[in-house]
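Q: Sharing a structure with you now.
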Amino acid sequence: MIVATAGHIDHGKTALVKALTGIDADRLPEEKARGITLDLGFAYARRGALSLGFVDVPGHERLVRTMVAGATGVDCALLVVAADDGVMPQTREHAAILDLLGLSRGIVALTKADRAGPERIAAVTEAVRALLAGTGLAGAPILPCSALTGAGIPEVLARLEETGDGAAPRGAESERGFRLAIDRCFTLPGAGLVVTGAVHAGTVRVGDRVLVSAKGIEARVRGIHAQGEVAAEGRAGERCALNLTGPRLSRDDIHRGEWALAPALSGTATRLDAWIRLLPGEARPLRHRAAVQVHCGAAGVTGRVLLAPEAPAILPGGEAFARIALDAPLHALTGDRLVLREASASRTIGGGRVIDADGPRRGAWLPARRAVLAALAEPEDGAALAALLDAEPAGLDVGRFARLRNIPPPALDGLLTQHAARVVDTAAGRLAFPAARVADLEARLVALFEARHAAEPDNPGLSADEVAADLSAADRPLARLVLDGLTRAGALARRGALHHRPGHEARLAPADAALYAEIRAVVEAAGRDQPRLHLLAERLGREPEAVRALLDKVGRIGWLRRVSKAYYLPPPLLADLARIAEAVAGEHPDGLLTVGRFREAAGIGRNMTMPVLEHFDAVGFTARIADGRRLRTGWRDLFGADAP
């Protein structure tokens with residue numbers, strides 16, 4: 001169990017830690033010379049099977065940033081109040097910070113009890129109870145003690161042991177991705193680079209690969225100290241020192257506030273959507289665009305609080321969703337605790353927890369976005385998933401959801417199954433939808449195709465855009481994904497860009513079939529010298545537009561291919577011309593396909609040559625350049641299926 005001290009300067013935090021562990025947590029010469037703590041100190045004690053790790057924080061008002069870095073990610077608070085001084089300014093601020101960090105386990109040590117009588121101790125006890133009323137530490141035991149005489153020290157240790165024994169197991173947290181908030185970085189002779197910090201989640205083992213710093217530098221864990229002892233692994237709820245090695249690793253790239261992370265969790269944010277509250281003791285509201293210091297993990301950056309247009313201020317004691325625009329990137333995941341201090345860093349004004357990190361840049365206050373934030377704010381992963389499936393009509397990004405909440409793959413798969421989610425693989429990643437919604441749309445699309453085939457027997461199928469046009473705006477984002485799924489399952493077939501029911505073959509009406517028979521006879525007799533549309537219509541004794549309507553219809557079926565407004569060619573002929581074009585380009589050292597070379601080899605007129613070459617450009621067979629055309633792919637890739 002990790003225990004963080006808190007309290008006003010000179011109330012005896014370091015002396016108490018030494019009395020509890022026998023270790024002086026002040027390690028800097030200046031700290032020893034001045035008798036005050038300036039940086040984080042660490043000490044360890046073992047009580048039976050329980051290992052207690054103490055983080056000794058400074059109590060000076062100018063070092064609150066350091067205090068927050070030390071108190072983040074701990075299991076238990078040890079609030080220190082001197083019996084002779086009583087509650088002081090930093091006592092109040094530190095108590096507020098502990099509450100903002102979500103700490104609900106801890107004890108209060110009334111130090112220097114040898115300097116106060118029973119009445120004074122009783123008065124200070126009541127003052128502390130009043131201070132902690134309404135916070136997570138409201139019921140914390142208050143124990144008088146003296147580091148000088150040793151009185152009360154065994155009782156403090158016993159209470160800490162009870163608190164550790166009653167702690168909820170961290171097994172589930174140990175199964176998540178590894179996260180260590182770095183609060184120290186240094187080098188040791190013969191070992192190299194070492195980082196220390198509290199493990200917020202996951203497990204790390206010797207030999208594991210981690211990413212460190214905002215730059216995402218890769219490192220390998222060469223050694224581990226957990227709770228002050230050599231260990232094979234470090235787990236959530238422990239303080240660890242990691243000996244890291246890597247070719248790009250440099251002491252200059254790593255500072256307090258960075259993280260050591262499982263590779264899947266890498267990434268930083270420049271904006272945080274958060275649920276924040278303003279401390280009730282504040283004299284003024286927190287207004288839109290207020291500048292603040294933001295503390296998250298062991299990091300501290302400046303930023304601005306952005307509030308909803310209809311509520312541009314949070315009153316003292318009030319709470320609200322807010323977007324925090326950061327002046328520098330930091331790593332954060334859903335549920336991470338925030339502490340907000342005034343821009344001048346003179347006092348703590350509030351805090352909260354991260355809901356989303358690096359959400360959409362625009363539309364922060366649209367109803368759809370607010371619904372997503374409300375879903376993400378659910379503390380339990382399953383409840384959040386269920387709410388998001390309803391709040392994300394275009395599909396829930398499964399990968400982003402898992403990363404934001406640090407959910408390991410086995411647990412994610414279990415949640416998706418439990419909440420009847422259907423996952424669809426797309427080019428952009430895995431998207432999840434309510435299974436019932438997908439099944440309903442599948443049934444409606446199959447019915448749509450059945451109805452269209454019955455009403456339009458000469459229609460070979462529907463494109464994805466045509467299908468989407470028959471659906472509501474809410475269903476359109478899912479239409480293409482469902483079409484692909486139905487095709488993979490065999491409920492639909494696909495020919496080119498058109499989908500249809502298996503076994504469906506387009507059939508022309510008798511009158512159209514008779515006219516097409518005439519067209520086909522003319523086209524087949526023409527060979528490579530195909531007639532333009534108006535000449536074809538003249539030979540048939542028909543109006544050009546009437547012939548065009550039928551040509552477009554058979555073009556959809558695939559019997560002819562539209563090359564331009566004037567030319568409709570049989571697919572085998574087009575494949576033959578593509579083969580000739582490739583051969584012509586290969587015969588010349590420059591590899592170019594020119595108009596003259598192609599026309600001469602194909603034996604066709606100029607009127608048809610240009611439309612064919614432009615069609616080759618349009619479908620990606622060739623690319624137009626200054627001196628002609630270059631082939632982009634082989635003719636069989638695009639036309640091989642139609643080869644004569």
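Chain identifiers are assigned as A, B, and so on, following the order in which chains appear in the structure tokens; residues are numbered from 1 within each chain, and ligands are numbered from 1 in order of appearance.
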Would you please extract all strand (DSSP E or B) residues from stretch 48-97 of chain A, as assigned by DSSP on the backbone, and give them as a PDB file with C-alpha atoms, in the first residue's frame?
A:
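File written: selection.pdb
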ATOM      1  CA  LEU A  50       1.868  -5.796   4.096  1.00  0.00           C
ATOM      2  CA  SER A  51       4.482  -3.551   2.529  1.00  0.00           C
ATOM      3  CA  LEU A  52       3.953   0.125   3.306  1.00  0.00           C
ATOM      4  CA  GLY A  53       5.479   2.659   0.938  1.00  0.00           C
ATOM      5  CA  PHE A  54       5.502   6.265   2.145  1.00  0.00           C
ATOM      6  CA  VAL A  55       5.681   9.283  -0.149  1.00  0.00           C
ATOM      7  CA  ASP A  56       6.772  12.258   1.933  1.00  0.00           C
ATOM      8  CA  CYS A  76      -3.969   5.981   1.373  1.00  0.00           C
ATOM      9  CA  ALA A  77      -3.489   9.458   2.819  1.00  0.00           C
ATOM     10  CA  LEU A  78      -1.657  10.296   6.028  1.00  0.00           C
ATOM     11  CA  LEU A  79      -2.809  13.820   6.861  1.00  0.00           C
ATOM     12  CA  VAL A  80      -0.477  15.379   9.407  1.00  0.00           C
ATOM     13  CA  VAL A  81      -1.660  18.185  11.712  1.00  0.00           C
ATOM     14  CA  ALA A  82       0.517  19.509  14.505  1.00  0.00           C
TER      15      ALA A  82
END
Q: Counting only C-alpha atoms, what is within 12 Å of A:Gly541, bar same-chain residues fewer than 6 positions away, as an mmCIF file with N, CA and C atoms, in the first residue's frame?
A:
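The resulting result.cif:
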data_model
loop_
_atom_site.group_PDB
_atom_site.id
_atom_site.type_symbol
_atom_site.label_atom_id
_atom_site.label_comp_id
_atom_site.auth_asym_id
_atom_site.auth_seq_id
_atom_site.Cartn_x
_atom_site.Cartn_y
_atom_site.Cartn_z
ATOM 1 N N LEU A 515 -34.970 -4.910 -79.279
ATOM 2 C CA LEU A 515 -34.107 -3.813 -79.738
ATOM 3 C C LEU A 515 -32.644 -4.128 -79.451
ATOM 4 N N GLU A 518 -31.040 -6.282 -82.047
ATOM 5 C CA GLU A 518 -30.633 -5.525 -83.228
ATOM 6 C C GLU A 518 -29.317 -4.787 -82.969
ATOM 7 N N ILE A 519 -29.215 -4.169 -81.780
ATOM 8 C CA ILE A 519 -27.984 -3.439 -81.435
ATOM 9 C C ILE A 519 -26.799 -4.386 -81.427
ATOM 10 N N HIS A 534 -25.123 8.228 -82.646
ATOM 11 C CA HIS A 534 -26.102 8.735 -83.611
ATOM 12 C C HIS A 534 -26.106 7.890 -84.889
ATOM 13 N N LEU A 535 -24.926 7.330 -85.272
ATOM 14 C CA LEU A 535 -24.889 6.455 -86.442
ATOM 15 C C LEU A 535 -25.585 5.126 -86.148
ATOM 16 N N VAL A 547 -32.280 5.000 -77.952
ATOM 17 C CA VAL A 547 -31.220 3.992 -77.977
ATOM 18 C C VAL A 547 -30.302 4.154 -76.770
#
Q: Which one is closest to A:Val619: A:Arg176, A:His419, A:Arg606, A:Arg562? Count only C-alpha atoms.
A: A:Arg562
Q: Taking the DSSP assignment computed from this structure's backbone, write out as a ChimeraX atom specification all residues of stretch 332-567 of chain A that belong to helix (DSSP H, G or I).
A: /A:367-376,381-391,398-405,409-418,435-455,464-469,476-489,510-526,533-540,544-557
Q: Work out how far atom CA of A:Leu569 is from atom CA of A:Arg495, in Å to one decimal.
A: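 These two atoms are separated by 18.4 Å.
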Q: Report the distance between atom CA of A:Gln227 and atom CA of A:Ala260 in Å, rounded to one decimal place.
A: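 Atom CA of A:Ala260 lies at a distance of 17.2 Å from atom CA of A:Gln227.
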Q: Counting only C-alpha atoms, what is within 9 Å of stretch 571-575 of chain A, bar same-chain residues fewer than 5 positions away, as a PyMOL selection string?
A: chain A and resi 527-528+558-561+580+612+635-636+638-644
Q: Go ahead and write the residues just picked, C-alpha atoms, as a compact mmCIF listing (two decimals), in the first residue's frame.
A:
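So result_1.txt came out as:
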# COMPACT_ATOMS: atom_id res chain seq x y z
CA GLY A 527 -15.65 -5.35 -85.02
CA ARG A 528 -13.18 -2.74 -83.73
CA GLY A 558 -22.57 -5.37 -68.00
CA TRP A 559 -23.32 -6.40 -71.58
CA LEU A 560 -21.85 -3.17 -72.91
CA ARG A 561 -19.54 -0.67 -71.29
CA ILE A 580 -3.07 -3.82 -77.53
CA VAL A 612 -11.08 4.92 -75.39
CA TRP A 635 -4.45 -4.81 -68.58
CA ARG A 636 -5.52 -8.09 -66.97
CA LEU A 638 -8.81 -4.28 -64.91
CA PHE A 639 -10.05 -6.02 -68.04
CA GLY A 640 -8.85 -9.62 -67.76
CA ALA A 641 -12.23 -10.98 -66.70
CA ASP A 642 -13.72 -9.71 -69.99
CA ALA A 643 -10.90 -10.94 -72.24
CA PRO A 644 -12.14 -12.61 -75.44
Q: Could you pull the residues within 9 Å of A:Ala96, counting only C-alpha atoms, minus those fewer than 5 positions along the same chain, as number ranges by chain?
A: A: 91, 101, 132, 135, 279, 348, 350
Q: Per residue of stretch 61-130 of chain A within 10 Å of stretch 235-257 of chain A, note the shortest atom pair and the distance in Å to one decimal, counting only C-alpha atoms, and order the rows by chain and increasing residue number, as CSV.
A:
residue,atom,partner,partner_atom,distance
A:Thr66,CA,A:Arg256,CA,9.4
A:Ala69,CA,A:Gly257,CA,7.7
A:Gly73,CA,A:Gly237,CA,7.5
A:Val74,CA,A:Gly237,CA,6.9
A:Asp75,CA,A:Gly237,CA,6.8
